[in-house]
$ cat structure-v4.txt   # compact mmCIF, C-alpha atoms and all ligand atoms
# COMPACT_ATOMS: atom_id res chain seq x y z
CA MET U 1 2.56 13.79 14.02
CA SER U 2 2.22 17.33 12.75
CA LYS U 3 0.82 18.03 9.28
CA THR U 4 4.11 19.53 8.11
CA VAL U 5 5.85 16.12 8.12
CA THR U 6 6.73 14.85 4.63
CA TYR U 7 9.58 12.42 5.32
CA ILE U 8 10.71 10.12 8.09
CA ASP U 9 14.04 8.80 9.32
CA ILE U 10 12.99 5.62 11.11
CA HIS U 11 16.45 4.84 12.53
CA GLY U 12 18.89 7.42 13.83
CA HIS U 13 20.86 8.18 16.98
CA VAL U 14 20.49 11.91 17.71
CA ASN U 15 20.64 10.78 21.33
CA PHE U 16 24.35 9.90 20.88
CA PRO U 17 27.13 12.16 22.28
CA ASN U 18 28.08 13.07 18.67
CA PHE U 19 25.15 15.53 18.85
CA ASP U 20 25.74 16.94 22.34
CA ALA U 21 27.05 20.27 21.05
CA ASP U 22 24.21 21.07 18.64
CA ARG U 23 21.38 18.56 19.13
CA GLU U 24 18.58 21.14 19.07
CA ALA U 25 19.93 22.68 15.84
CA VAL U 26 20.03 19.23 14.23
CA ILE U 27 16.43 18.57 15.30
CA GLN U 28 15.41 21.96 13.92
CA ASN U 29 17.11 21.21 10.57
CA ALA U 30 14.91 18.14 10.31
CA GLU U 31 11.79 19.95 11.50
CA ARG U 32 12.34 22.77 8.97
CA ASP U 33 12.43 20.32 6.05
CA GLY U 34 9.49 18.23 7.27
CA VAL U 35 11.51 15.27 8.54
CA ALA U 36 10.15 13.28 11.49
CA MET U 37 12.45 10.81 13.26
CA ILE U 38 12.67 7.71 15.39
CA THR U 39 15.57 7.84 17.83
CA VAL U 40 17.02 4.44 18.54
CA GLY U 41 18.44 3.18 21.83
CA THR U 42 21.38 0.77 21.85
CA ASP U 43 21.81 0.25 25.62
CA MET U 44 20.06 1.42 28.82
CA ASN U 45 21.60 4.90 28.70
CA THR U 46 20.82 5.66 25.08
CA SER U 47 17.38 4.07 25.38
CA THR U 48 16.62 6.40 28.29
CA SER U 49 17.90 9.44 26.40
CA ALA U 50 15.90 8.44 23.30
CA VAL U 51 12.71 8.43 25.38
CA GLN U 52 13.60 11.80 26.90
CA LEU U 53 14.05 13.35 23.45
CA ALA U 54 10.77 11.88 22.27
CA THR U 55 8.89 13.40 25.20
CA LEU U 56 10.26 16.84 24.32
CA HIS U 57 9.42 16.86 20.58
CA GLU U 58 6.16 16.14 18.81
CA ASN U 59 7.82 14.62 15.72
CA ILE U 60 10.33 12.42 17.51
CA TRP U 61 9.63 8.87 18.68
CA ALA U 62 11.91 6.37 20.44
CA THR U 63 12.91 2.73 20.51
CA VAL U 64 14.43 0.98 23.52
CA GLY U 65 16.72 -2.03 23.47
CA VAL U 66 20.24 -3.36 23.65
CA HIS U 67 22.37 -3.68 20.50
CA PRO U 68 23.83 -7.18 20.02
CA THR U 69 27.40 -5.92 20.36
CA ASP U 70 26.44 -4.12 23.61
CA SER U 71 24.80 -7.19 25.08
CA LYS U 72 27.87 -8.81 26.63
CA GLU U 73 26.86 -7.35 30.01
CA PRO U 74 23.65 -8.66 31.61
CA VAL U 75 20.59 -6.72 30.39
CA ASP U 76 18.12 -5.34 32.94
CA PHE U 77 14.91 -6.41 31.22
CA GLU U 78 12.73 -5.10 34.05
CA ALA U 79 14.10 -1.60 33.55
CA LEU U 80 13.77 -2.01 29.78
CA GLU U 81 10.14 -3.05 30.16
CA ARG U 82 9.38 0.05 32.22
CA LEU U 83 10.82 2.22 29.43
CA ALA U 84 9.06 0.16 26.75
CA GLY U 85 5.64 1.08 28.15
CA HIS U 86 6.11 4.80 27.42
CA PRO U 87 3.56 5.97 24.83
CA LYS U 88 6.26 7.46 22.58
CA VAL U 89 8.25 4.22 22.50
CA VAL U 90 7.23 2.69 19.19
CA ALA U 91 9.52 -0.35 18.92
CA ILE U 92 11.84 -2.64 20.84
CA GLY U 93 15.48 -2.54 19.69
CA GLU U 94 17.79 -2.14 18.15
CA CYS U 95 18.38 -5.75 18.97
CA GLY U 96 19.32 -8.82 16.99
CA LEU U 97 22.41 -10.67 15.82
CA ASP U 98 25.74 -9.20 14.73
CA TYR U 99 28.13 -11.77 13.27
CA PHE U 100 30.43 -9.11 11.85
CA HIS U 101 31.84 -7.83 15.13
CA SER U 102 31.47 -11.04 17.14
CA LYS U 103 33.44 -14.10 18.01
CA ILE U 104 31.77 -17.46 17.51
CA GLU U 105 31.57 -18.08 21.27
CA GLU U 106 29.51 -14.89 21.73
CA ILE U 107 26.71 -15.97 19.40
CA SER U 108 24.68 -18.12 21.79
CA GLY U 109 24.58 -15.28 24.35
CA GLN U 110 23.45 -12.88 21.60
CA LYS U 111 20.67 -15.25 20.56
CA ASP U 112 19.45 -15.50 24.14
CA ILE U 113 19.30 -11.72 24.60
CA PHE U 114 17.68 -11.29 21.18
CA GLU U 115 14.95 -13.74 22.13
CA LYS U 116 14.28 -11.88 25.38
CA HIS U 117 13.74 -8.70 23.33
CA ILE U 118 11.23 -10.56 21.15
CA VAL U 119 9.36 -11.73 24.24
CA LEU U 120 9.27 -8.13 25.50
CA ALA U 121 7.98 -6.88 22.12
CA GLN U 122 5.24 -9.47 22.22
CA LYS U 123 4.35 -8.54 25.79
CA VAL U 124 4.07 -4.79 25.14
CA GLY U 125 2.58 -5.24 21.66
CA LYS U 126 5.22 -3.22 19.82
CA PRO U 127 7.32 -4.18 16.77
CA LEU U 128 11.03 -4.96 16.67
CA MET U 129 13.77 -2.72 15.30
CA LEU U 130 16.30 -5.33 14.22
CA HIS U 131 20.04 -5.04 13.77
CA VAL U 132 21.23 -8.07 11.85
CA ARG U 133 24.63 -8.27 10.25
CA ASN U 134 26.39 -11.13 8.54
CA GLY U 135 30.01 -12.15 8.91
CA LYS U 136 32.77 -10.89 6.64
CA THR U 137 31.30 -12.46 3.52
CA ALA U 138 27.74 -11.36 2.77
CA GLY U 139 25.41 -14.33 2.90
CA SER U 140 28.23 -16.05 4.70
CA THR U 141 28.30 -19.80 4.88
CA SER U 142 31.38 -19.51 7.08
CA GLU U 143 31.41 -21.34 10.41
CA ILE U 144 29.60 -18.45 12.10
CA GLY U 145 26.60 -18.82 9.77
CA ASN U 146 24.10 -16.45 8.17
CA ALA U 147 22.76 -13.99 10.75
CA TYR U 148 19.60 -13.26 8.72
CA GLN U 149 18.62 -16.90 8.48
CA ASP U 150 19.38 -17.41 12.18
CA ALA U 151 17.25 -14.37 13.09
CA LEU U 152 14.37 -15.61 10.93
CA LYS U 153 14.56 -18.99 12.62
CA ILE U 154 14.26 -17.44 16.09
CA LEU U 155 11.47 -15.09 14.97
CA LYS U 156 9.46 -18.01 13.63
CA GLU U 157 8.47 -18.94 17.19
CA TYR U 158 6.77 -15.54 17.58
CA PRO U 159 4.47 -15.17 14.57
CA ASN U 160 2.57 -12.21 16.03
CA VAL U 161 5.61 -9.97 16.43
CA LYS U 162 6.28 -7.54 13.59
CA ALA U 163 9.85 -6.62 12.68
CA ASN U 164 11.89 -4.23 10.56
CA PHE U 165 15.40 -5.23 9.47
CA HIS U 166 17.29 -1.93 9.71
CA PHE U 167 20.25 -1.19 7.37
CA PHE U 168 19.40 -4.21 5.29
CA ALA U 169 22.56 -5.68 3.75
CA GLY U 170 21.73 -9.34 3.24
CA THR U 171 21.45 -11.30 0.03
CA LEU U 172 18.54 -11.36 -2.39
CA ALA U 173 17.59 -14.78 -0.98
CA ASP U 174 17.51 -13.33 2.57
CA LEU U 175 15.38 -10.44 1.33
CA LYS U 176 12.89 -12.77 -0.32
CA ASP U 177 12.51 -14.74 2.93
CA ILE U 178 12.05 -11.54 4.95
CA ILE U 179 9.43 -10.19 2.54
CA ALA U 180 7.58 -13.52 2.38
CA ARG U 181 7.29 -13.50 6.15
CA GLY U 182 5.71 -10.03 6.05
CA TYR U 183 8.64 -8.15 7.65
CA SER U 184 10.08 -4.93 6.29
CA VAL U 185 13.57 -3.64 5.54
CA SER U 186 15.03 -0.15 5.75
CA PHE U 187 17.84 1.33 3.69
CA THR U 188 20.40 3.99 4.64
CA GLY U 189 22.36 6.62 2.71
CA VAL U 190 24.73 3.89 1.50
CA ILE U 191 22.44 3.48 -1.50
CA THR U 192 23.27 7.05 -2.60
CA PHE U 193 26.91 6.22 -3.34
CA THR U 194 27.07 2.53 -4.24
CA SER U 195 24.98 0.46 -6.60
CA ASP U 196 25.60 -2.68 -4.53
CA TYR U 197 22.08 -2.53 -3.06
CA ASP U 198 20.18 -1.54 -6.19
CA GLU U 199 18.83 -4.99 -6.89
CA LEU U 200 17.59 -5.28 -3.30
CA VAL U 201 15.96 -1.83 -3.42
CA ARG U 202 14.19 -2.82 -6.66
CA SER U 203 13.18 -6.29 -5.48
CA ALA U 204 11.31 -5.42 -2.29
CA PRO U 205 7.72 -4.21 -2.62
CA LEU U 206 7.49 -0.50 -1.77
CA SER U 207 5.00 -1.40 0.98
CA GLN U 208 7.77 -3.27 2.85
CA ILE U 209 10.51 -0.63 2.61
CA MET U 210 11.32 2.18 5.04
CA SER U 211 13.81 5.07 5.01
CA GLU U 212 16.55 5.73 7.55
CA THR U 213 19.89 7.45 8.13
CA ASP U 214 21.50 5.48 10.99
CA CYS U 215 23.05 8.84 11.86
CA PRO U 216 25.69 9.80 12.92
CA PHE U 217 27.02 6.94 10.76
CA VAL U 218 27.07 6.47 6.96
CA PRO U 219 26.26 9.97 5.62
CA PRO U 220 24.81 9.92 2.10
CA ALA U 221 26.26 11.61 -0.96
CA PRO U 222 26.88 14.59 -1.12
CA TYR U 223 27.68 14.72 2.62
CA ARG U 224 30.22 11.89 2.78
CA GLY U 225 32.96 12.38 5.37
CA LYS U 226 30.68 14.58 7.50
CA ARG U 227 28.51 13.62 10.45
CA ASN U 228 25.19 12.23 9.26
CA GLU U 229 21.90 13.70 10.58
CA PRO U 230 18.16 12.95 10.14
CA VAL U 231 17.47 15.65 7.52
CA TYR U 232 19.77 13.78 5.10
CA VAL U 233 17.20 10.97 4.93
CA ILE U 234 15.78 12.97 2.02
CA GLU U 235 18.82 11.86 -0.04
CA THR U 236 18.09 8.20 0.76
CA ILE U 237 14.45 8.64 -0.26
CA LYS U 238 15.48 10.31 -3.54
CA SER U 239 17.80 7.37 -4.25
CA ILE U 240 15.08 4.81 -3.52
CA ALA U 241 12.87 6.61 -6.07
CA ARG U 242 15.70 6.85 -8.64
CA ILE U 243 16.74 3.19 -8.30
CA ARG U 244 13.14 2.00 -8.58
CA ASN U 245 12.37 4.50 -11.35
CA GLU U 246 9.36 5.81 -9.46
CA ALA U 247 8.19 9.37 -8.74
CA GLU U 248 9.94 10.94 -5.74
CA GLY U 249 6.79 12.44 -4.28
CA ILE U 250 4.88 9.17 -4.42
CA VAL U 251 7.79 7.22 -2.89
CA ALA U 252 8.19 9.77 -0.06
CA GLU U 253 4.46 9.62 0.69
CA LYS U 254 4.41 5.82 0.70
CA LEU U 255 7.52 5.51 2.91
CA LEU U 256 5.98 7.88 5.44
CA ASP U 257 2.72 5.96 5.32
CA ASN U 258 4.57 2.63 5.84
CA ALA U 259 6.23 4.01 8.98
CA LYS U 260 2.97 5.48 10.30
CA LYS U 261 1.27 2.09 10.02
CA PHE U 262 4.18 -0.03 11.22
CA PHE U 263 5.03 2.08 14.29
CA LYS U 264 1.46 3.35 14.85
CA LEU U 265 2.61 6.99 14.75
ZN ZN U 301 21.63 2.05 14.65

$ encode --input "structure-v4.txt" --output "structure tokens"
Amino acid sequence: MSKTVTYIDIHGHVNFPNFDADREAVIQNAERDGVAMITVGTDMNTSTSAVQLATLHENIWATVGVHPTDSKEPVDFEALERLAGHPKVVAIGECGLDYFHSKIEEISGQKDIFEKHIVLAQKVGKPLMLHVRNGKTAGSTSEIGNAYQDALKILKEYPNVKANFHFFAGTLADLKDIIARGYSVSFTGVITFTSDYDELVRSAPLSQIMSETDCPFVPPAPYRGKRNEPVYVIETIKSIARIRNEAEGIVAEKLLDNAKKFFKL
């Protein structure tokens, strides 16, 4: 990582087609403002393109994995393992459980593929980038269950594997369980325009929080309605500091340090 890096977006998708027309300009916007980034794969194609981007840029790293809603097709774990060994691949994922977009009969297949990602993470000694999303009601006790609690149950069998819950949107009880187990959570630009997550942002220790955009999705205020991009992670970081009533500079430094340690950057 170059010395000019001040911030980090630990979860974005600049590898997606949304950036085909101006990807290098978007990367330069981030570079100019001292923003490093981790580019996240969601299937074999985007995992491959994430690795390619990471090889081309000093301050870009990659994750490889298959998103739970993309895991209806069989996953080629041998090919994934070959990608996972690349030195700029810093995590396995995004993988996990998505009960929001899924039918109840798809859940057991999702759990199986999730567990295979955990086994891969353990094998290559890299952490997990988790996508976990509850059903329509947060903290749902509906028939489909609570995705966070189900994920924690599966992870329990693999105590040596570290994990970050990206775009954390569970309950305070879920957060407490995640923190107690030593995992981390990351927040997106959503926290810039709703106070729904304030209690969560305040409740987690700063050492177990990371910053992300999930671009091109969920742009922060004041960029709502536009395409999101990694440089906007600065808005998320400012909001974390504001919500926690802590100094911006100290929060930015700590969030970067958390990512450096977690992903071994
Ligand atoms: Zn994502």

$ closest_residue --input "structure-v4.txt" --among "U:Gly125, U:Pro87, U:Gly34, U:Pro216" --to "ligand ZN 301 (chain U)" --atoms "only C-alpha atoms and all ligand atoms"
U:Pro216

$ residues_around --input "structure-v4.txt" --residues "Glu94 in chain U" --least-positions-apart "6" --cutoff "7 Å" --atoms "only C-alpha atoms" --output "JSON, numbers by chain"
{"U": [40, 41, 42, 65, 66, 67, 129, 130, 131]}

$ write_last_selection --input "structure-v4.txt" --atoms "C-alpha atoms" --output "PDB file, in the frame of the given file"
ATOM      1  CA  VAL U  40      17.020   4.440  18.540  1.00  0.00           C
ATOM      2  CA  GLY U  41      18.440   3.180  21.830  1.00  0.00           C
ATOM      3  CA  THR U  42      21.380   0.770  21.850  1.00  0.00           C
ATOM      4  CA  GLY U  65      16.720  -2.030  23.470  1.00  0.00           C
ATOM      5  CA  VAL U  66      20.240  -3.360  23.650  1.00  0.00           C
ATOM      6  CA  HIS U  67      22.370  -3.680  20.500  1.00  0.00           C
ATOM      7  CA  MET U 129      13.770  -2.720  15.300  1.00  0.00           C
ATOM      8  CA  LEU U 130      16.300  -5.330  14.220  1.00  0.00           C
ATOM      9  CA  HIS U 131      20.040  -5.040  13.770  1.00  0.00           C
TER      10      HIS U 131
END

$ residues_near_ligand --input "structure-v4.txt" --ligand "ligand ZN 301 (chain U)" --cutoff "12 Å" --atoms "only C-alpha atoms and all ligand atoms" --output "VMD selection string"
chain U and resid 9 to 16 38 to 43 46 to 47 63 to 70 93 to 96 98 129 to 133 165 to 168 186 to 188 212 to 218

$ atom_distance --input "structure-v4.txt" --atom1 "CA of Ile27 in chain U" --atom2 "CA of Ala259 in chain U"
18.9 Å

$ residues_around --input "structure-v4.txt" --residues "Glu157 in chain U" --least-positions-apart "6" --cutoff "12 Å" --atoms "all atoms listed in the file" --output "list in words"
Glu115, Ile118, Val119, Gln122 and Ala151 of chain U

$ write_last_selection --input "structure-v4.txt" --atoms "C-alpha atoms" --output "mmCIF file, in the frame of the given file"
data_model
loop_
_atom_site.group_PDB
_atom_site.id
_atom_site.type_symbol
_atom_site.label_atom_id
_atom_site.label_comp_id
_atom_site.auth_asym_id
_atom_site.auth_seq_id
_atom_site.Cartn_x
_atom_site.Cartn_y
_atom_site.Cartn_z
ATOM 1 C CA GLU U 115 14.950 -13.740 22.130
ATOM 2 C CA ILE U 118 11.230 -10.560 21.150
ATOM 3 C CA VAL U 119 9.360 -11.730 24.240
ATOM 4 C CA GLN U 122 5.240 -9.470 22.220
ATOM 5 C CA ALA U 151 17.250 -14.370 13.090
#

$ residues_near_point --input "structure-v4.txt" --point "(29.8, -11.3, 28.7)" --cutoff "9 Å" --atoms "only C-alpha atoms" --output "VMD selection string"
chain U and resid 71 to 74 106 109

$ atom_distance --input "structure-v4.txt" --atom1 "CA of Ala30 in chain U" --atom2 "CA of Pro230 in chain U"
6.1 Å

$ atom_distance --input "structure-v4.txt" --atom1 "CA of Lys103 in chain U" --atom2 "CA of Asp150 in chain U"
15.6 Å

$ residues_around --input "structure-v4.txt" --residues "Ile240 in chain U" --least-positions-apart "6" --cutoff "8 Å" --atoms "all atoms listed in the file" --output "PyMOL selection string"
chain U and resi 191+201+251
